file protein-v3.txt (compact mmCIF, C-alpha atoms and all ligand atoms)
# COMPACT_ATOMS: atom_id res chain seq x y z
CA MET A 4 67.42 133.48 97.02
CA SER A 5 69.79 130.93 95.61
CA VAL A 6 73.25 129.45 95.78
CA SER A 7 75.73 131.59 93.86
CA ILE A 8 76.69 129.93 90.59
CA THR A 9 79.24 132.67 89.85
CA ASN A 10 81.13 132.19 93.09
CA SER A 11 80.81 128.40 92.94
CA LYS A 12 82.46 128.59 89.52
CA LEU A 13 85.25 130.80 90.88
CA ILE A 14 85.90 128.26 93.64
CA TYR A 15 85.81 125.35 91.22
CA ASP A 16 88.20 127.09 88.83
CA GLY A 17 90.44 127.87 91.80
CA LEU A 18 90.58 124.17 92.68
CA LYS A 19 91.43 123.33 89.08
CA ALA A 20 94.22 125.93 89.15
CA CYS A 21 95.53 124.09 92.23
CA ASP A 22 95.71 120.94 90.11
CA VAL A 23 93.13 119.19 92.28
CA LYS A 24 92.33 115.86 90.62
CA LEU A 25 90.13 114.18 93.22
CA ILE A 26 87.27 115.64 95.25
CA ALA A 27 85.67 113.71 98.08
CA ALA A 28 82.34 115.26 98.93
CA LEU A 29 79.15 115.06 100.87
CA PRO A 30 76.54 117.43 99.46
CA GLU A 31 74.59 120.14 101.13
CA THR A 32 72.60 123.00 99.65
CA TRP A 33 75.44 125.49 99.32
CA LEU A 34 77.68 122.92 97.62
CA VAL A 35 75.27 121.82 94.87
CA HIS A 36 76.91 123.72 92.03
CA LEU A 37 80.42 122.81 93.10
CA ILE A 38 79.53 119.14 93.20
CA ARG A 39 77.74 119.35 89.86
CA MET A 40 80.80 121.00 88.31
CA ALA A 41 83.03 118.23 89.64
CA ASP A 42 80.58 115.63 88.37
CA GLU A 43 80.50 117.13 84.88
CA ASP A 44 84.29 117.50 84.68
CA ARG A 45 85.70 114.37 83.09
CA ALA A 46 89.19 115.18 84.31
CA MET A 47 87.99 115.17 87.96
CA THR A 48 87.46 112.10 90.12
CA LEU A 49 84.46 112.87 92.32
CA VAL A 50 83.90 110.51 95.24
CA ARG A 51 80.54 110.92 96.92
CA VAL A 52 80.84 109.56 100.43
CA ALA A 53 78.20 108.34 102.84
CA ARG A 54 79.84 110.06 105.81
CA GLU A 55 82.51 112.74 105.95
CA GLU A 56 84.95 110.56 107.93
CA GLU A 57 85.41 108.45 104.81
CA ALA A 58 86.45 111.53 102.86
CA ILE A 59 89.42 112.06 105.18
CA GLY A 60 90.61 108.50 104.50
CA ILE A 61 90.07 108.82 100.75
CA ALA A 62 91.92 112.14 100.56
CA ALA A 63 94.75 110.71 102.67
CA GLY A 64 95.03 107.75 100.31
CA ALA A 65 95.06 110.05 97.29
CA HIS A 66 97.76 112.20 98.85
CA LEU A 67 100.01 109.24 99.61
CA ALA A 68 99.47 108.12 96.01
CA GLY A 69 100.61 111.52 94.75
CA VAL A 70 97.25 112.99 93.70
CA ASN A 71 96.05 116.40 94.88
CA ALA A 72 92.71 116.07 96.60
CA ALA A 73 90.16 118.45 98.09
CA LEU A 74 87.23 117.89 100.41
CA LEU A 75 83.81 119.46 100.13
CA MET A 76 81.57 119.29 103.15
CA GLN A 77 79.51 121.43 105.47
CA ASN A 78 80.67 122.36 108.94
CA HIS A 79 78.57 119.60 110.52
CA GLY A 80 80.44 117.17 108.29
CA PHE A 81 83.70 118.61 109.54
CA LEU A 82 82.46 118.07 113.09
CA ALA A 83 81.56 114.48 112.16
CA ALA A 84 85.09 113.88 110.84
CA ILE A 85 87.13 115.14 113.78
CA ASN A 86 88.61 111.82 114.87
CA PRO A 87 90.17 111.01 111.50
CA ILE A 88 91.35 114.60 111.14
CA VAL A 89 93.18 114.11 114.44
CA SER A 90 94.05 110.41 114.25
CA LEU A 91 94.90 110.16 110.59
CA ALA A 92 95.68 113.56 109.09
CA PHE A 93 97.49 115.16 112.05
CA LEU A 94 98.95 111.91 113.38
CA TYR A 95 100.40 110.90 110.02
CA LYS A 96 101.16 114.42 108.77
CA ILE A 97 98.79 114.29 105.84
CA PRO A 98 97.87 117.59 104.16
CA LEU A 99 94.17 118.14 103.59
CA LEU A 100 92.47 120.94 101.71
CA MET A 101 89.07 121.09 103.38
CA LEU A 102 86.43 123.37 101.88
CA ILE A 103 83.74 123.76 104.50
CA SER A 104 80.45 125.54 103.98
CA TYR A 105 79.91 127.69 107.02
CA ARG A 106 76.30 127.13 108.00
CA GLY A 107 74.68 128.43 111.15
CA HIS A 108 76.49 131.75 111.37
CA MET A 109 75.36 135.35 110.75
CA GLY A 110 72.14 135.45 108.75
CA GLU A 111 71.25 131.81 109.33
CA LYS A 112 67.50 131.19 109.34
CA ASP A 113 67.54 127.43 109.97
CA PRO A 114 67.58 126.90 113.74
CA TRP A 115 69.15 123.43 113.41
CA GLN A 116 72.27 124.87 111.81
CA THR A 117 73.00 127.37 114.53
CA GLN A 118 74.71 125.23 117.16
CA GLY A 119 77.23 123.93 114.66
CA GLY A 120 77.76 127.46 113.42
CA LEU A 121 78.62 128.60 116.94
CA VAL A 122 81.30 125.99 117.50
CA THR A 123 82.92 125.73 114.06
CA GLU A 124 85.65 128.34 114.47
CA PRO A 125 86.36 127.48 118.13
CA VAL A 126 86.79 123.79 117.18
CA LEU A 127 89.04 124.67 114.23
CA ARG A 128 91.14 126.80 116.58
CA ALA A 129 91.22 124.12 119.26
CA LEU A 130 92.54 121.64 116.71
CA GLY A 131 95.12 124.13 115.45
CA ILE A 132 93.79 124.03 111.90
CA PRO A 133 94.85 127.07 109.88
CA THR A 134 91.67 128.63 108.52
CA SER A 135 90.96 131.02 105.71
CA THR A 136 87.49 132.45 105.12
CA LEU A 137 86.65 133.28 101.51
CA THR A 138 84.72 136.51 101.35
CA ILE A 139 85.97 138.47 98.34
CA PRO A 140 85.34 136.76 95.00
CA HIS A 141 88.47 138.02 93.26
CA ASP A 142 90.62 136.70 96.14
CA ILE A 143 89.34 133.14 95.75
CA PRO A 144 92.01 131.66 93.45
CA ARG A 145 94.84 133.16 95.44
CA ARG A 146 93.47 132.09 98.82
CA LEU A 147 92.81 128.55 97.65
CA LYS A 148 96.33 128.30 96.28
CA GLU A 149 97.75 129.69 99.52
CA ALA A 150 95.73 127.22 101.59
CA GLN A 151 96.97 124.31 99.49
CA THR A 152 100.55 125.58 99.64
CA LEU A 153 100.44 125.81 103.42
CA ALA A 154 98.84 122.35 103.71
CA HIS A 155 101.62 120.84 101.62
CA ALA A 156 104.42 122.74 103.33
CA SER A 157 103.19 122.04 106.87
CA LEU A 158 101.76 118.59 106.08
CA THR A 159 98.63 119.39 108.05
CA PRO A 160 94.93 119.89 107.34
CA VAL A 161 93.92 123.39 106.31
CA ALA A 162 90.34 124.70 106.30
CA VAL A 163 88.77 127.11 103.83
CA LEU A 164 85.43 128.36 105.12
CA LEU A 165 82.75 129.18 102.57
CA PRO A 166 80.48 131.73 104.27
CA ARG A 167 76.97 132.86 103.46
CA GLU A 168 78.05 136.14 101.87
CA LEU A 169 79.96 134.17 99.24
CA MET A 170 77.65 131.20 98.67
CA TRP A 171 74.16 132.61 99.08
CA GLU A 172 72.57 135.33 96.97
CA GLU A 173 69.65 137.11 98.62
CA ALA A 174 67.00 138.73 96.38
CA MET B 11 92.47 79.47 111.07
CA ARG B 12 94.54 82.09 112.82
CA THR B 13 95.16 85.53 111.35
CA SER B 14 98.87 84.71 111.21
CA GLU B 15 98.14 81.56 109.15
CA ALA B 16 95.78 83.42 106.85
CA LEU B 17 98.34 86.15 106.21
CA ARG B 18 101.22 83.70 105.78
CA ALA B 19 99.21 81.85 103.13
CA ILE B 20 98.66 84.99 101.05
CA TYR B 21 101.96 86.76 101.82
CA PRO B 22 103.35 86.05 98.33
CA GLU B 23 100.33 87.88 96.88
CA LEU B 24 100.84 90.80 99.27
CA GLU B 25 104.55 91.19 98.71
CA ARG B 26 104.44 93.38 95.61
CA ARG B 27 101.00 94.94 95.92
CA ILE B 28 99.97 98.05 97.82
CA ILE B 29 98.70 97.01 101.25
CA VAL B 30 96.76 99.03 103.81
CA THR B 31 96.07 97.26 107.10
CA ILE B 32 94.13 98.13 110.19
CA MET B 33 95.89 98.64 113.51
CA GLY B 34 96.83 96.30 116.27
CA ALA B 35 96.79 92.56 115.80
CA THR B 36 96.57 92.53 111.99
CA ALA B 37 99.31 95.12 111.60
CA SER B 38 101.63 93.22 113.96
CA GLU B 39 100.99 89.88 112.27
CA LEU B 40 101.76 91.30 108.85
CA TYR B 41 104.82 93.13 110.14
CA ALA B 42 106.10 89.90 111.73
CA LEU B 43 105.90 88.18 108.35
CA GLY B 44 108.18 90.79 106.86
CA HIS B 45 107.75 94.51 106.42
CA ARG B 46 107.87 96.02 102.94
CA PRO B 47 107.84 99.68 101.88
CA ASN B 48 104.53 99.05 100.08
CA PHE B 49 102.79 98.13 103.37
CA PHE B 50 100.95 100.85 105.31
CA TYR B 51 99.72 100.14 108.82
CA LEU B 52 96.91 102.50 109.80
CA GLU B 53 97.68 102.49 113.51
CA HIS B 54 94.56 104.35 114.58
CA SER B 55 91.59 106.01 112.94
CA MET B 56 89.39 102.95 113.19
CA GLY B 57 87.34 102.14 110.12
CA LEU B 58 89.27 104.14 107.57
CA ALA B 59 91.70 101.57 106.14
CA SER B 60 89.18 100.75 103.43
CA SER B 61 88.61 104.44 102.67
CA MET B 62 92.37 104.96 102.33
CA GLY B 63 92.57 101.91 100.10
CA LEU B 64 89.78 103.35 97.95
CA GLY B 65 91.60 106.68 97.65
CA ILE B 66 94.82 104.94 96.63
CA ALA B 67 93.05 102.61 94.18
CA LEU B 68 91.33 105.55 92.46
CA ALA B 69 94.57 107.53 92.35
CA LEU B 70 96.73 104.66 91.04
CA PRO B 71 94.57 102.64 88.65
CA ALA B 72 97.56 100.66 87.36
CA GLU B 73 98.32 99.19 90.81
CA GLN B 74 96.44 96.55 92.77
CA VAL B 75 95.54 97.65 96.28
CA ILE B 76 94.66 95.23 99.08
CA VAL B 77 93.01 96.36 102.31
CA LEU B 78 93.24 94.14 105.39
CA ASP B 79 90.22 95.15 107.45
CA GLY B 80 88.70 93.88 110.71
CA ASP B 81 85.10 93.22 111.68
CA GLY B 82 85.14 95.87 114.40
CA SER B 83 86.74 98.40 112.08
CA LEU B 84 84.32 97.71 109.25
CA LEU B 85 81.32 97.90 111.59
CA MET B 86 82.50 101.39 112.51
CA ASN B 87 82.37 102.51 108.86
CA LEU B 88 79.75 100.40 107.10
CA GLY B 89 79.14 103.26 104.68
CA THR B 90 82.51 102.47 103.11
CA LEU B 91 80.98 99.36 101.53
CA SER B 92 78.44 101.49 99.69
CA THR B 93 81.08 104.00 98.62
CA MET B 94 83.47 101.32 97.33
CA ALA B 95 80.58 99.59 95.54
CA ARG B 96 79.54 102.87 93.97
CA TYR B 97 82.91 103.39 92.25
CA LYS B 98 83.87 99.70 91.92
CA PRO B 99 87.60 100.11 91.36
CA GLY B 100 88.68 96.82 89.81
CA ASN B 101 92.11 97.23 91.36
CA LEU B 102 90.84 97.09 94.95
CA LEU B 103 90.57 93.94 97.06
CA HIS B 104 88.95 94.35 100.45
CA ILE B 105 89.71 91.53 102.89
CA VAL B 106 87.85 91.39 106.19
CA LEU B 107 89.54 89.22 108.82
CA ASP B 108 86.47 88.51 110.90
CA ASN B 109 87.53 87.30 114.34
CA GLU B 110 84.15 88.34 115.79
CA SER B 111 86.09 90.39 118.28
CA LEU B 112 87.72 93.70 119.12
CA LEU B 113 90.85 91.68 119.66
CA SER B 114 93.44 94.42 119.83
CA VAL B 115 91.84 96.04 122.87
CA GLY B 116 91.56 92.81 124.81
CA GLY B 117 88.86 90.89 122.97
CA PHE B 118 85.28 92.04 123.18
CA PRO B 119 82.73 90.29 120.95
CA THR B 120 81.47 92.37 118.02
CA ALA B 121 78.05 92.01 116.42
CA THR B 122 79.42 89.42 113.98
CA ALA B 123 79.60 87.14 117.04
CA THR B 124 75.84 87.47 117.41
CA GLY B 125 74.90 87.01 113.78
CA THR B 126 75.68 90.16 111.80
CA ASP B 127 76.77 88.97 108.39
CA LEU B 128 79.34 91.31 106.88
CA ALA B 129 79.43 89.40 103.59
CA GLY B 130 75.67 89.91 103.39
CA VAL B 131 76.07 93.63 104.10
CA ALA B 132 78.74 93.85 101.39
CA ARG B 133 76.48 92.06 98.89
CA ALA B 134 73.50 94.24 99.74
CA SER B 135 75.72 97.31 99.34
CA GLY B 136 76.28 96.39 95.71
CA THR B 137 79.82 94.98 95.92
CA PRO B 138 80.21 93.12 92.61
CA ARG B 139 82.05 90.12 94.08
CA VAL B 140 81.77 88.88 97.64
CA LEU B 141 83.54 85.71 98.74
CA GLU B 142 83.62 83.92 102.07
CA ALA B 143 86.21 81.61 103.55
CA ARG B 144 86.73 79.57 106.69
CA THR B 145 89.84 77.54 105.91
CA VAL B 146 93.32 78.56 104.84
CA ALA B 147 92.91 76.77 101.51
CA ASP B 148 89.58 78.49 100.75
CA PHE B 149 90.98 81.84 101.75
CA LYS B 150 94.07 81.48 99.60
CA LEU B 151 91.96 80.48 96.62
CA ALA B 152 89.53 83.36 97.17
CA VAL B 153 92.41 85.85 97.22
CA SER B 154 94.00 84.60 94.02
CA GLU B 155 90.63 84.45 92.26
CA ALA B 156 89.78 87.96 93.40
CA LEU B 157 93.12 89.35 92.21
CA ALA B 158 92.76 87.63 88.85
CA SER B 159 89.19 88.90 88.39
CA HIS B 160 90.15 92.60 88.34
CA THR B 161 86.76 93.24 89.90
CA LEU B 162 86.13 94.94 93.22
CA THR B 163 85.89 92.09 95.71
CA THR B 164 85.22 91.83 99.42
CA ILE B 165 86.40 88.61 101.04
CA VAL B 166 85.08 87.93 104.51
CA THR B 167 87.11 85.24 106.21
CA LYS B 168 86.50 83.90 109.67
CA VAL B 169 89.64 83.80 111.83
CA GLU B 170 90.29 82.83 115.43
CA ALA B 171 90.48 85.66 117.93
CA VAL B 172 94.04 84.88 118.97
CA ALA B 173 96.32 87.77 119.80
CA PRO B 174 99.76 87.95 118.20
CA SER B 175 102.68 86.87 120.35
CA SER B 176 103.84 90.49 120.29
CA TYR B 177 102.35 93.82 119.23
CA HIS B 178 105.81 95.30 118.94
CA MET B 179 106.73 96.89 115.62
CA ASP B 180 110.09 98.55 115.16
CA LEU B 181 108.69 101.17 112.83
CA THR B 182 107.51 104.63 113.77
CA LEU B 183 104.25 105.85 112.29
CA LEU B 184 105.90 108.61 110.32
CA GLU B 185 108.71 106.36 109.09
CA ASN B 186 106.05 104.05 107.71
CA ARG B 187 104.10 106.96 106.23
CA PHE B 188 107.04 108.55 104.38
CA GLN B 189 108.47 105.25 103.23
CA PHE B 190 105.07 104.21 101.84
CA TRP B 191 104.60 107.61 100.18
CA ARG B 192 107.99 107.39 98.48
CA CYS B 193 107.27 103.86 97.36
CA LEU B 194 103.97 104.94 95.78
CA ARG B 195 105.70 107.89 94.16
CA GLU B 196 108.18 105.54 92.50
CA ARG B 197 105.34 103.33 91.25
CA ARG B 198 103.60 106.37 89.84
CA ARG B 199 106.71 107.36 87.92
CA ALA B 200 107.43 103.89 86.59
CA PRO B 201 104.10 102.20 86.00
C1 LIG C 1 87.43 105.53 117.29
C2 LIG C 1 88.12 104.47 118.05
N1 LIG C 1 87.47 103.78 119.02
C3 LIG C 1 88.11 102.81 119.70
C4 LIG C 1 89.41 102.49 119.43
C5 LIG C 1 90.13 101.42 120.21
N2 LIG C 1 90.44 100.26 119.38
C6 LIG C 1 91.65 100.04 118.85
S1 LIG C 1 91.76 98.63 118.01
C7 LIG C 1 90.16 98.25 118.33
C8 LIG C 1 89.57 96.96 117.85
C9 LIG C 1 89.60 96.79 116.36
O1 LIG C 1 88.77 95.70 116.06
P1 LIG C 1 88.83 94.93 114.70
O2 LIG C 1 88.77 95.88 113.58
O3 LIG C 1 87.80 93.86 114.73
O4 LIG C 1 90.29 94.30 114.67
P2 LIG C 1 90.95 93.26 115.69
O5 LIG C 1 91.56 94.05 116.78
O6 LIG C 1 89.89 92.34 116.17
O7 LIG C 1 91.98 92.58 114.87
C10 LIG C 1 89.55 99.24 119.11
C11 LIG C 1 88.16 99.21 119.57
C12 LIG C 1 90.05 103.24 118.40
N3 LIG C 1 91.31 102.99 118.02
N4 LIG C 1 89.40 104.20 117.74
call {"tool": "encode", "arguments": {"input": "protein-v3.txt", "output": "structure tokens"}}
result
Amino acid sequence: MSVSITNSKLIYDGLKACDVKLIAALPETWLVHLIRMADEDRAMTLVRVAREEEAIGIAAGAHLAGVNAALLMQNHGFLAAINPIVSLAFLYKIPLLMLISYRGHMGEKDPWQTQGGLVTEPVLRALGIPTSTLTIPHDIPRRLKEAQTLAHASLTPVAVLLPRELMWEEA
Amino acid sequence: MRTSEALRAIYPELERRIIVTIMGATASELYALGHRPNFFYLEHSMGLASSMGLGIALALPAEQVIVLDGDGSLLMNLGTLSTMARYKPGNLLHIVLDNESLLSVGGFPTATATGTDLAGVARASGTPRVLEARTVADFKLAVSEALASHTLTTIVTKVEAVAPSSYHMDLTLLENRFQFWRCLRERRRAP
């Protein structure tokens, strides 16, 4: 059992194809490879935050300064960042490309993840955040590009959920 | 020293730089001194002015960015001090106008009124330069030294908890946002 390096690489390459230059991140298990790839990429500015709320502010600043940013966090980090998503991103019409690892859903063994897993999609819907779930590896680049395009056209946050079937390899 | 006096003293330094302020009293005081397209007033989202400033500073290394923060706002996002200190952008100046109060919502004492030392927290977070001021002259000097140092600096200055004569700003949030965005875009093109 391990985090998929192959799919992490596809996601990272997809972000590069979107001309993402800054990634604000708070690690969790499923994101280790993605964060390592950003760290090793000299053309990428990786900002490791102490709390996910900060990442919303940093990405907003980068956007206003003309730099494409992406966020990497787990769904509990998304839940921790709701006020700035509402009171900064939506209020000020700031596009955000939020990549959210979808813990606590089907197949989850860690009991502590499950409550957040139950409420993630309902909260995204309640906030009116367009959401795309990456499941098929060869669709990754296209779906990331489409999410970024919608975020920039609508000037709103967009979520890309990274589910277990993509991030976690059993066996 | 009042916030209005502190800001008037450094206004010439603010005029051409990229400014991100917190909401309420600080925003209104700066606006009253004269709005500029390079001023962004974060009229909500408490605590994130410094995070926005960090994002801008990292994205535009050729520009100097000044954040006008408040004690209440900073206490809500103390982690920002560790994140700024981790990346140490030399083009970022973080000013905390410490009125020991949540002034903009009517004036409730914050923990800096009972001894919490934000300059100490900034130092312990690894901020390379931390300066403190109590008078207008000290504050003005600290700001010009910080800008000349090209080193990430946090200045904590004590100010009186006196509300502005008016909170009115004739500027909608989105007008401010798009104007600021265009201004930054121009600076990006012509560094
Ligand atoms: C998350 C959140 N909680 C509460 C508020 C209400 N609020 C608006 S301004 C403010 C006080 C800000 O205090 P400080 O940063 O010290 O600045 P000051 O008003 O004293 O200049 C508060 C509590 C808010 N905007 N957001």
call {"tool": "interface_residues", "arguments": {"input": "protein-v3.txt", "of": "chain B", "to": "chain A", "cutoff": "7 Å", "atoms": "all atoms listed in the file", "output": "PyMOL selection string"}}
result
chain B and resi 54-55+58+61-66+69-70+89-90+93+183-184+187+191+194-195
call {"tool": "atom_distance", "arguments": {"input": "protein-v3.txt", "atom1": "CA of Gly80 (chain B)", "atom2": "CA of Asn78 (chain A)"}}
result
29.6 Å
call {"tool": "residues_around", "arguments": {"input": "protein-v3.txt", "residues": "region 126-137 of chain A", "least_positions_apart": "6", "cutoff": "9 Å", "atoms": "only C-alpha atoms", "output": "list in words"}}
result
Leu82, Ile85, Val89, Ile143, Arg146, Leu147, Ala150, Leu153, Ala154, Thr159, Pro160, Val161, Ala162, Val163, Leu164, Leu165, Pro166 and Leu169 of chain A
call {"tool": "residues_near_ligand", "arguments": {"input": "protein-v3.txt", "ligand": "ligand LIG 1 (chain C)", "cutoff": "7 Å", "atoms": "only C-alpha atoms and all ligand atoms", "output": "ChimeraX atom specification"}}
result
/A:86 /B:32-36,54-56,79-84,108-115,171
call {"tool": "axis_aligned_box", "arguments": {"input": "protein-v3.txt", "around": "region 17-29 of chain A", "padding_each_side": "4 Å", "output": "JSON"}}
result
{"center_x": 87.4, "center_y": 120.8, "center_z": 95.0, "size_x": 24.6, "size_y": 22.2, "size_z": 19.8}
call {"tool": "residues_around", "arguments": {"input": "protein-v3.txt", "residues": "Met170 (chain A)", "least_positions_apart": "6", "cutoff": "10 Å", "atoms": "all atoms listed in the file", "output": "list in words"}}
result
Ser5, Val6, Ser7, Ile8, Thr9, Asn10, Ser11, Thr32, Trp33, Leu34, Ser104, Tyr105, Leu137 and Thr138 of chain A
call {"tool": "residues_around", "arguments": {"input": "protein-v3.txt", "residues": "region 110-115 of chain A", "least_positions_apart": "2", "cutoff": "12 Å", "atoms": "only C-alpha atoms", "output": "short mmCIF file (atom, residue, chain, number, x, y, z; two decimals) with C-alpha atoms, in the coordinates of the input"}}
result
data_model
loop_
_atom_site.label_atom_id
_atom_site.label_comp_id
_atom_site.auth_asym_id
_atom_site.auth_seq_id
_atom_site.Cartn_x
_atom_site.Cartn_y
_atom_site.Cartn_z
CA HIS A 79 78.57 119.60 110.52
CA TYR A 105 79.91 127.69 107.02
CA ARG A 106 76.30 127.13 108.00
CA GLY A 107 74.68 128.43 111.15
CA HIS A 108 76.49 131.75 111.37
CA THR A 117 73.00 127.37 114.53
CA GLN A 118 74.71 125.23 117.16
CA GLY A 119 77.23 123.93 114.66
CA GLY A 120 77.76 127.46 113.42
CA LEU A 121 78.62 128.60 116.94
CA PRO A 166 80.48 131.73 104.27
CA ARG A 167 76.97 132.86 103.46
CA GLU A 168 78.05 136.14 101.87
CA TRP A 171 74.16 132.61 99.08
CA GLU A 172 72.57 135.33 96.97
CA GLU A 173 69.65 137.11 98.62
#
call {"tool": "residues_around", "arguments": {"input": "protein-v3.txt", "residues": "Phe190 (chain B)", "least_positions_apart": "6", "cutoff": "8 Å", "atoms": "only C-alpha atoms", "output": "list in words"}}
result
Leu67 of chain A; Pro47, Asn48, Phe49 and Phe50 of chain B
call {"tool": "closest_residue", "arguments": {"input": "protein-v3.txt", "among": "B:Tyr97, B:Tyr51, B:Tyr41, B:Phe188", "to": "Ala67 (chain B)", "atoms": "all atoms listed in the file"}}
result
B:Tyr97
call {"tool": "atom_distance", "arguments": {"input": "protein-v3.txt", "atom1": "CA of Glu124 (chain A)", "atom2": "CA of Phe93 (chain A)"}}
result
17.9 Å
call {"tool": "atom_distance", "arguments": {"input": "protein-v3.txt", "atom1": "CA of Ala28 (chain A)", "atom2": "CA of Ile165 (chain B)"}}
result
27.0 Å
call {"tool": "residues_around", "arguments": {"input": "protein-v3.txt", "residues": "Pro144 (chain A)", "least_positions_apart": "2", "cutoff": "9 Å", "atoms": "all atoms listed in the file", "output": "PyMOL selection string"}}
result
chain A and resi 13-14+16-18+20-21+140-142+146-149
call {"tool": "closest_residue", "arguments": {"input": "protein-v3.txt", "among": "B:Lys168, B:Leu68, B:Leu107, B:Arg12", "to": "Arg144 (chain B)", "atoms": "only C-alpha atoms"}}
result
B:Lys168
